[in-house]
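Below is one structure, written out as structure tokens; the observations come after it.
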Amino acid sequence: METFHPIVWSGDAKSGHLKLLDQTRLPEEEVYLECRDVESVWHAIKRLSVRGAPAIGISAAYACVISAQSGGGEAALDFAAEYLATSRPTAVNLFWALGRMRGVRPADPDTLLAEAKKIHEEDKAMCLKIGVHGLGILKKLAEGSTERFGILTHCNAGALATGGIGTATAPIYMAHEEGVAIKVFADETRPLLQGARLTAFELFRAGVDVRIIADNMAGLVMREGKVGMVIVGADRIAHNGDTANKVGTYSVAVLAKHHGVPFYVAAPTSTFDLAIKDGSEIPIEQRASEEITHGFGRRTAPEGALVYNPAFDVTPAELITGIITDRGVISPVNAFNVDRAMRGE
Ligand code: MRU
């Protein structure tokens with residue numbers, strides 16, 4: 001399956017650098033940022049040049065390699081990891097990946113690069129496993145459907161957000177490859193349009209039947225009977241299954257419940273945070289007001305207008321039909337079943 005490579009390590013461990021596909025410029029331009037210091041990776045994460053929970057973690061892991069190139073060893077690694085951890089607060093994959101990198105000894109570029117590549121490869125493999133588990137559910141739900149089976153997704157939990165074929169998109173790509181008749185509705189995902197700019201871009205390029213809808217159309221397409229399943233990604237999943245994902249996900253889950261549409265979250269084990277009991281403890285990133293007031297490259301709100309701009313919301317476990325992980329599907333979603341899945345049962 002041909003896919004995107006949003007994160008590329010170029011060169012050897014001691015003098016190589018990180019190349020990140022600048023997602024702020026998609027879909028118009030496919031340009032790579034060349035990151036040769038930790039600061040440029042931090043900024044790339046902060047301004048969403050690289051985004052999506054797994055991709056943020058992988059990029060930070062490679063940034064740790066760069067931190068050791070000047071010979072600073074453990075001290076330089078620890079300093080860089082602390083700094084990278086301040087880039088974005090919600091996606092737990094960032095802290096998970098930094099924790100793994102900080103445990104690497106000796107903290108030299110070769111050993112760190114081997115670990116970063118392992119994290120990258122593992123994520124790719126987890127996407128495939130999520131795809132297999134999700135495809136089973138998708139095919140069962142699509143059985144007997146006389147029209148193309150409708151799947152709604154929100155934001156981008158695709159190849160651009162991971163080291164592989166995505167989380168929410170993995171079953172979609174696999175269904176498409178198998179010739180299952182599907183039709184994807186991609187919420188455009190205000191304010192930064194990850195659905196329109198990124199999800200529609202990558203699915204369209206893969207030949208998947210995808211149409212973009214404005215976020216406020218999700219209820220309508222469900223009422224019209226066009227959606228048989230919702231699949232979204234996750235930035236952090238609490239022990240009880242409460243899930244933080246791109247703002248707007250919660251509204252989609254409520255709409256899905258009302259219309260009797262199964263609502264699935266797809267996420268690798270690296271997105272679970274078992275240290276926190278429920279979603280109320282998940283730190284939610286607040287972003288700049290300009291993302292709302294200057295949405296389309298021009299002012300779209302009155303000067304001085306106040307803004308509330310949380311980047312994520314939390315969908316309570318009871319609204320989630322199942323969480324599709326690389327270790328199987330968690331359903332019903334509760335702490336007991338999360339523990340079982342994490343133990344690989
Ligand atoms: O702000 P973003 O673009 O990083 O938000 C991304 C999401 O909310 C994704 O759905 C999530 O990170 C999962 S990516 C596999």
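Naming works like this for the structure tokens: A, B, ... for the chains as they're shown, residue 1 at the start of each chain, ligands 1 onward in shown order.
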Which residues are near ligand 1 in this structure, taking near to mean any atom at most 8 Å from a ligand atom and counting only C-alpha atoms and all ligand atoms? Format them as a ChimeraX atom specification. /A:48,50-56,91,154-159,161-162,166-168,192,194,232-235,244-247,266-267,311-312
Go ahead and save the residues from that selection, with C-alpha atoms, as an mmCIF file, in the first residue's frame.
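Result file follows (again-v1.cif):
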```cif
data_model
loop_
_atom_site.group_PDB
_atom_site.id
_atom_site.type_symbol
_atom_site.label_atom_id
_atom_site.label_comp_id
_atom_site.auth_asym_id
_atom_site.auth_seq_id
_atom_site.Cartn_x
_atom_site.Cartn_y
_atom_site.Cartn_z
ATOM 1 C CA LEU A 48 1.432 21.734 13.583
ATOM 2 C CA VAL A 50 3.977 17.740 12.175
ATOM 3 C CA ARG A 51 0.849 16.767 14.067
ATOM 4 C CA GLY A 52 -1.266 13.808 15.091
ATOM 5 C CA ALA A 53 -0.422 12.010 18.336
ATOM 6 C CA PRO A 54 1.832 9.190 17.037
ATOM 7 C CA ALA A 55 3.682 11.476 14.593
ATOM 8 C CA ILE A 56 4.430 13.973 17.368
ATOM 9 C CA ALA A 91 -1.136 13.843 22.999
ATOM 10 C CA HIS A 154 -13.166 13.828 12.146
ATOM 11 C CA CYS A 155 -9.772 15.578 11.925
ATOM 12 C CA ASN A 156 -6.873 13.541 10.505
ATOM 13 C CA ALA A 157 -5.897 10.243 12.092
ATOM 14 C CA GLY A 158 -4.325 9.113 8.843
ATOM 15 C CA ALA A 159 -0.961 8.300 7.329
ATOM 16 C CA ALA A 161 -0.492 11.569 11.568
ATOM 17 C CA THR A 162 1.428 8.327 12.100
ATOM 18 C CA GLY A 166 -2.980 5.816 10.099
ATOM 19 C CA THR A 167 -5.270 4.681 12.904
ATOM 20 C CA ALA A 168 -8.818 5.696 11.932
ATOM 21 C CA LEU A 192 -7.467 24.353 11.239
ATOM 22 C CA GLN A 194 -7.231 18.923 9.198
ATOM 23 C CA VAL A 232 -11.888 8.765 14.864
ATOM 24 C CA GLY A 233 -8.393 8.823 16.323
ATOM 25 C CA ALA A 234 -7.277 9.752 19.843
ATOM 26 C CA ASP A 235 -4.683 11.924 21.539
ATOM 27 C CA ALA A 244 -9.412 13.137 24.137
ATOM 28 C CA ASN A 245 -9.363 13.868 20.416
ATOM 29 C CA LYS A 246 -9.655 16.900 18.144
ATOM 30 C CA VAL A 247 -12.289 19.350 19.330
ATOM 31 C CA ALA A 266 -8.891 3.782 16.753
ATOM 32 C CA ALA A 267 -5.609 4.146 18.643
ATOM 33 C CA ALA A 311 -7.786 22.173 20.560
ATOM 34 C CA PHE A 312 -9.312 18.975 21.952
#
```
Sorted by chain and rising residue number, which residues of stretch 201-272 of chain A lie within 12 Å of stretch 131-135 of chain A, and what are their closest atom pairs and distances in Å to one decimal, counting only C-alpha atoms, as JSON lines?
```
{"residue": "A:Met229", "atom": "CA", "partner": "A:Gly134", "partner_atom": "CA", "distance": 11.0}
{"residue": "A:Val230", "atom": "CA", "partner": "A:Gly134", "partner_atom": "CA", "distance": 11.4}
{"residue": "A:Ile231", "atom": "CA", "partner": "A:Gly134", "partner_atom": "CA", "distance": 9.1}
{"residue": "A:Val232", "atom": "CA", "partner": "A:Gly134", "partner_atom": "CA", "distance": 11.4}
{"residue": "A:Phe263", "atom": "CA", "partner": "A:Gly134", "partner_atom": "CA", "distance": 12.0}
{"residue": "A:Tyr264", "atom": "CA", "partner": "A:Gly134", "partner_atom": "CA", "distance": 9.0}
{"residue": "A:Val265", "atom": "CA", "partner": "A:Gly134", "partner_atom": "CA", "distance": 9.7}
{"residue": "A:Ala266", "atom": "CA", "partner": "A:Gly134", "partner_atom": "CA", "distance": 7.9}
{"residue": "A:Ala267", "atom": "CA", "partner": "A:Gly131", "partner_atom": "CA", "distance": 10.2}
{"residue": "A:Pro268", "atom": "CA", "partner": "A:Gly131", "partner_atom": "CA", "distance": 10.8}
```
By how many Å are atom CA of A:Leu152 and atom CA of A:Glu285 apart?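 Computing it gives 24.4 Å between the two atoms.
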Using only C-alpha atoms, pick whichever of A:Glu188, A:Phe204, A:Glu74, A:Leu112 has the shortest atom-to-atom distance to A:Ile172.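 The answer is A:Phe204, which sits nearest to A:Ile172.
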Using DSSP on the backbone coordinates, identify the residues of stretch 210-282 of chain A assigned to helix (DSSP H, G or I); present them as a ChimeraX atom specification. /A:215-223,249-259,269-271,279-281
Please write the residues from the selection above to a file, keeping C-alpha atoms, as a CSV table (one decimal), in the first residue's frame.
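The result, stored in selection-v1.csv:
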```csv
chain,number,residue,atom,x,y,z
A,215,ASP,CA,-18.5,20.2,10.7
A,216,ASN,CA,-22.1,21.3,11.2
A,217,MET,CA,-23.4,18.8,8.6
A,218,ALA,CA,-22.5,15.7,10.5
A,219,GLY,CA,-25.9,15.5,12.2
A,220,LEU,CA,-27.7,15.9,8.8
A,221,VAL,CA,-25.8,13.1,7.1
A,222,MET,CA,-26.5,10.8,10.0
A,223,ARG,CA,-30.2,11.7,9.9
A,249,THR,CA,-15.2,14.7,18.3
A,250,TYR,CA,-17.5,14.9,21.4
A,251,SER,CA,-20.3,16.5,19.3
A,252,VAL,CA,-19.9,13.8,16.7
A,253,ALA,CA,-20.2,11.1,19.4
A,254,VAL,CA,-23.4,12.7,20.8
A,255,LEU,CA,-24.9,12.8,17.3
A,256,ALA,CA,-23.9,9.2,16.6
A,257,LYS,CA,-25.6,8.1,19.9
A,258,HIS,CA,-28.8,9.9,19.0
A,259,HIS,CA,-28.9,8.4,15.5
A,269,THR,CA,-1.4,1.3,22.9
A,270,SER,CA,1.0,4.3,23.1
A,271,THR,CA,-2.1,6.6,23.3
A,279,GLY,CA,-11.0,12.2,31.1
A,280,SER,CA,-11.4,15.1,33.5
A,281,GLU,CA,-7.6,14.8,34.2
```
Within 8 Å of A:Asp278 using only C-alpha atoms, minus same-chain residues under 4 positions, as an mmCIF file with N, CA and C atoms, in the first residue's frame:
```cif
data_model
loop_
_atom_site.group_PDB
_atom_site.id
_atom_site.type_symbol
_atom_site.label_atom_id
_atom_site.label_comp_id
_atom_site.auth_asym_id
_atom_site.auth_seq_id
_atom_site.Cartn_x
_atom_site.Cartn_y
_atom_site.Cartn_z
ATOM 1 N N ALA A 238 -7.872 7.823 28.754
ATOM 2 C CA ALA A 238 -7.728 7.595 30.203
ATOM 3 C C ALA A 238 -8.014 6.130 30.533
ATOM 4 N N HIS A 239 -7.701 5.746 31.774
ATOM 5 C CA HIS A 239 -7.859 4.350 32.200
ATOM 6 C C HIS A 239 -9.285 3.828 31.989
ATOM 7 N N ASN A 240 -10.276 4.702 32.171
ATOM 8 C CA ASN A 240 -11.667 4.240 32.020
ATOM 9 C C ASN A 240 -12.156 4.312 30.567
ATOM 10 N N GLY A 241 -11.280 4.735 29.646
ATOM 11 C CA GLY A 241 -11.661 4.778 28.226
ATOM 12 C C GLY A 241 -12.114 6.146 27.743
ATOM 13 N N ASP A 242 -12.296 7.110 28.645
ATOM 14 C CA ASP A 242 -12.618 8.475 28.192
ATOM 15 C C ASP A 242 -11.502 8.914 27.231
ATOM 16 N N ILE A 282 -7.320 14.883 31.795
ATOM 17 C CA ILE A 282 -6.518 15.049 30.568
ATOM 18 C C ILE A 282 -6.257 16.536 30.328
#
```
Please report as CSV every residue of stretch 49-128 of chain A lying within 10 Å of stretch 323-329 of chain A, along with the nearest atom pair and their distance in Å (one decimal), using only C-alpha atoms.
```
residue,atom,partner,partner_atom,distance
A:Asp123,CA,A:Asp326,CA,9.6
A:Ala125,CA,A:Asp326,CA,8.4
A:Met126,CA,A:Asp326,CA,5.1
A:Cys127,CA,A:Asp326,CA,7.0
A:Leu128,CA,A:Asp326,CA,7.8
```
I'd like the interatomic distance between atom CA of A:Arg148 and atom CA of A:Lys183, to a tenth of an Å.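 Going from atom CA of A:Arg148 over to atom CA of A:Lys183, I get 5.7 Å.
Residues lying within 7 Å of stretch 33-45 of chain A, counting only C-alpha atoms and ignoring same-chain neighbours fewer than 4 positions away, are His17, Leu18, Lys19, Leu20, Leu21, Asp22, Ser49, Val50, Arg51, Ile56, Ala63, Ile66, Ser67, Ala80, Leu84 and Ser87 of chain A.
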Which of stretch 71-218 of chain A end up as strand (DSSP E or B) when DSSP is run on this backbone - answer as number ranges by chain? A: 149-153, 182-187, 210-213
Shell of 8 Å around A:Gly150, only C-alpha atoms, local chain residues under 5 positions omitted, as a tab-separated table (two decimals) with all heavy atoms, in the first residue's frame:
```tsv
chain	number	residue	atom	x	y	z
A	182	ILE	N	-17.12	1.53	-0.04
A	182	ILE	CA	-17.25	2.49	1.07
A	182	ILE	C	-17.31	3.92	0.54
A	182	ILE	O	-16.89	4.20	-0.59
A	182	ILE	CB	-16.07	2.37	2.07
A	182	ILE	CG1	-14.71	2.51	1.35
A	182	ILE	CG2	-16.14	1.08	2.87
A	182	ILE	CD1	-13.52	2.67	2.28
A	183	LYS	N	-17.81	4.77	1.39
A	183	LYS	CA	-17.86	6.21	1.08
A	183	LYS	C	-17.53	6.94	2.37
A	183	LYS	O	-18.17	6.70	3.39
A	183	LYS	CB	-19.28	6.56	0.62
A	183	LYS	CG	-19.51	8.01	0.35
A	183	LYS	CD	-20.99	8.32	0.30
A	183	LYS	CE	-21.60	7.90	-1.04
A	183	LYS	NZ	-23.00	8.39	-1.17
A	184	VAL	N	-16.49	7.76	2.34
A	184	VAL	CA	-16.06	8.42	3.57
A	184	VAL	C	-16.55	9.87	3.61
A	184	VAL	O	-16.42	10.60	2.62
A	184	VAL	CB	-14.52	8.39	3.69
A	184	VAL	CG1	-14.05	9.14	4.94
A	184	VAL	CG2	-14.01	6.94	3.72
A	185	PHE	N	-17.11	10.27	4.74
A	185	PHE	CA	-17.43	11.67	4.98
A	185	PHE	C	-16.35	12.23	5.90
A	185	PHE	O	-16.17	11.75	7.02
A	185	PHE	CB	-18.81	11.82	5.64
A	185	PHE	CG	-19.93	11.43	4.73
A	185	PHE	CD1	-20.44	10.14	4.73
A	185	PHE	CD2	-20.46	12.35	3.84
A	185	PHE	CE1	-21.46	9.77	3.86
A	185	PHE	CE2	-21.48	12.00	2.96
A	185	PHE	CZ	-21.98	10.70	2.97
A	226	LYS	N	-26.90	8.22	5.88
A	226	LYS	CA	-25.74	8.04	5.01
A	226	LYS	C	-24.52	7.49	5.75
A	226	LYS	O	-23.51	7.18	5.12
A	226	LYS	CB	-25.35	9.39	4.37
A	226	LYS	CG	-26.37	9.92	3.36
A	226	LYS	CD	-25.81	11.17	2.68
A	226	LYS	CE	-26.59	11.57	1.45
A	226	LYS	NZ	-27.82	12.28	1.76
A	227	VAL	N	-24.59	7.42	7.07
A	227	VAL	CA	-23.40	7.03	7.85
A	227	VAL	C	-23.70	5.74	8.63
A	227	VAL	O	-24.61	5.69	9.44
A	227	VAL	CB	-23.00	8.15	8.85
A	227	VAL	CG1	-21.77	7.74	9.66
A	227	VAL	CG2	-22.73	9.45	8.10
A	228	GLY	N	-22.88	4.72	8.38
A	228	GLY	CA	-23.07	3.44	9.08
A	228	GLY	C	-22.09	3.26	10.22
A	228	GLY	O	-22.20	2.33	11.03
A	229	MET	N	-21.09	4.14	10.29
A	229	MET	CA	-20.04	3.97	11.29
A	229	MET	C	-19.24	5.27	11.40
A	229	MET	O	-18.97	5.91	10.39
A	229	MET	CB	-19.13	2.84	10.79
A	229	MET	CG	-17.92	2.55	11.63
A	229	MET	SD	-16.89	1.30	10.76
A	229	MET	CE	-15.89	0.75	12.13
```
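Comparing A:Leu26, A:Leu141, A:Met174, A:Val65 by their smallest distance to A:Ala114, the closest is A:Val65 (using only C-alpha atoms).
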What does the distance from atom CA of A:Ile237 to atom CA of A:Gly195 come to in Å, to one decimal? 21.1 Å
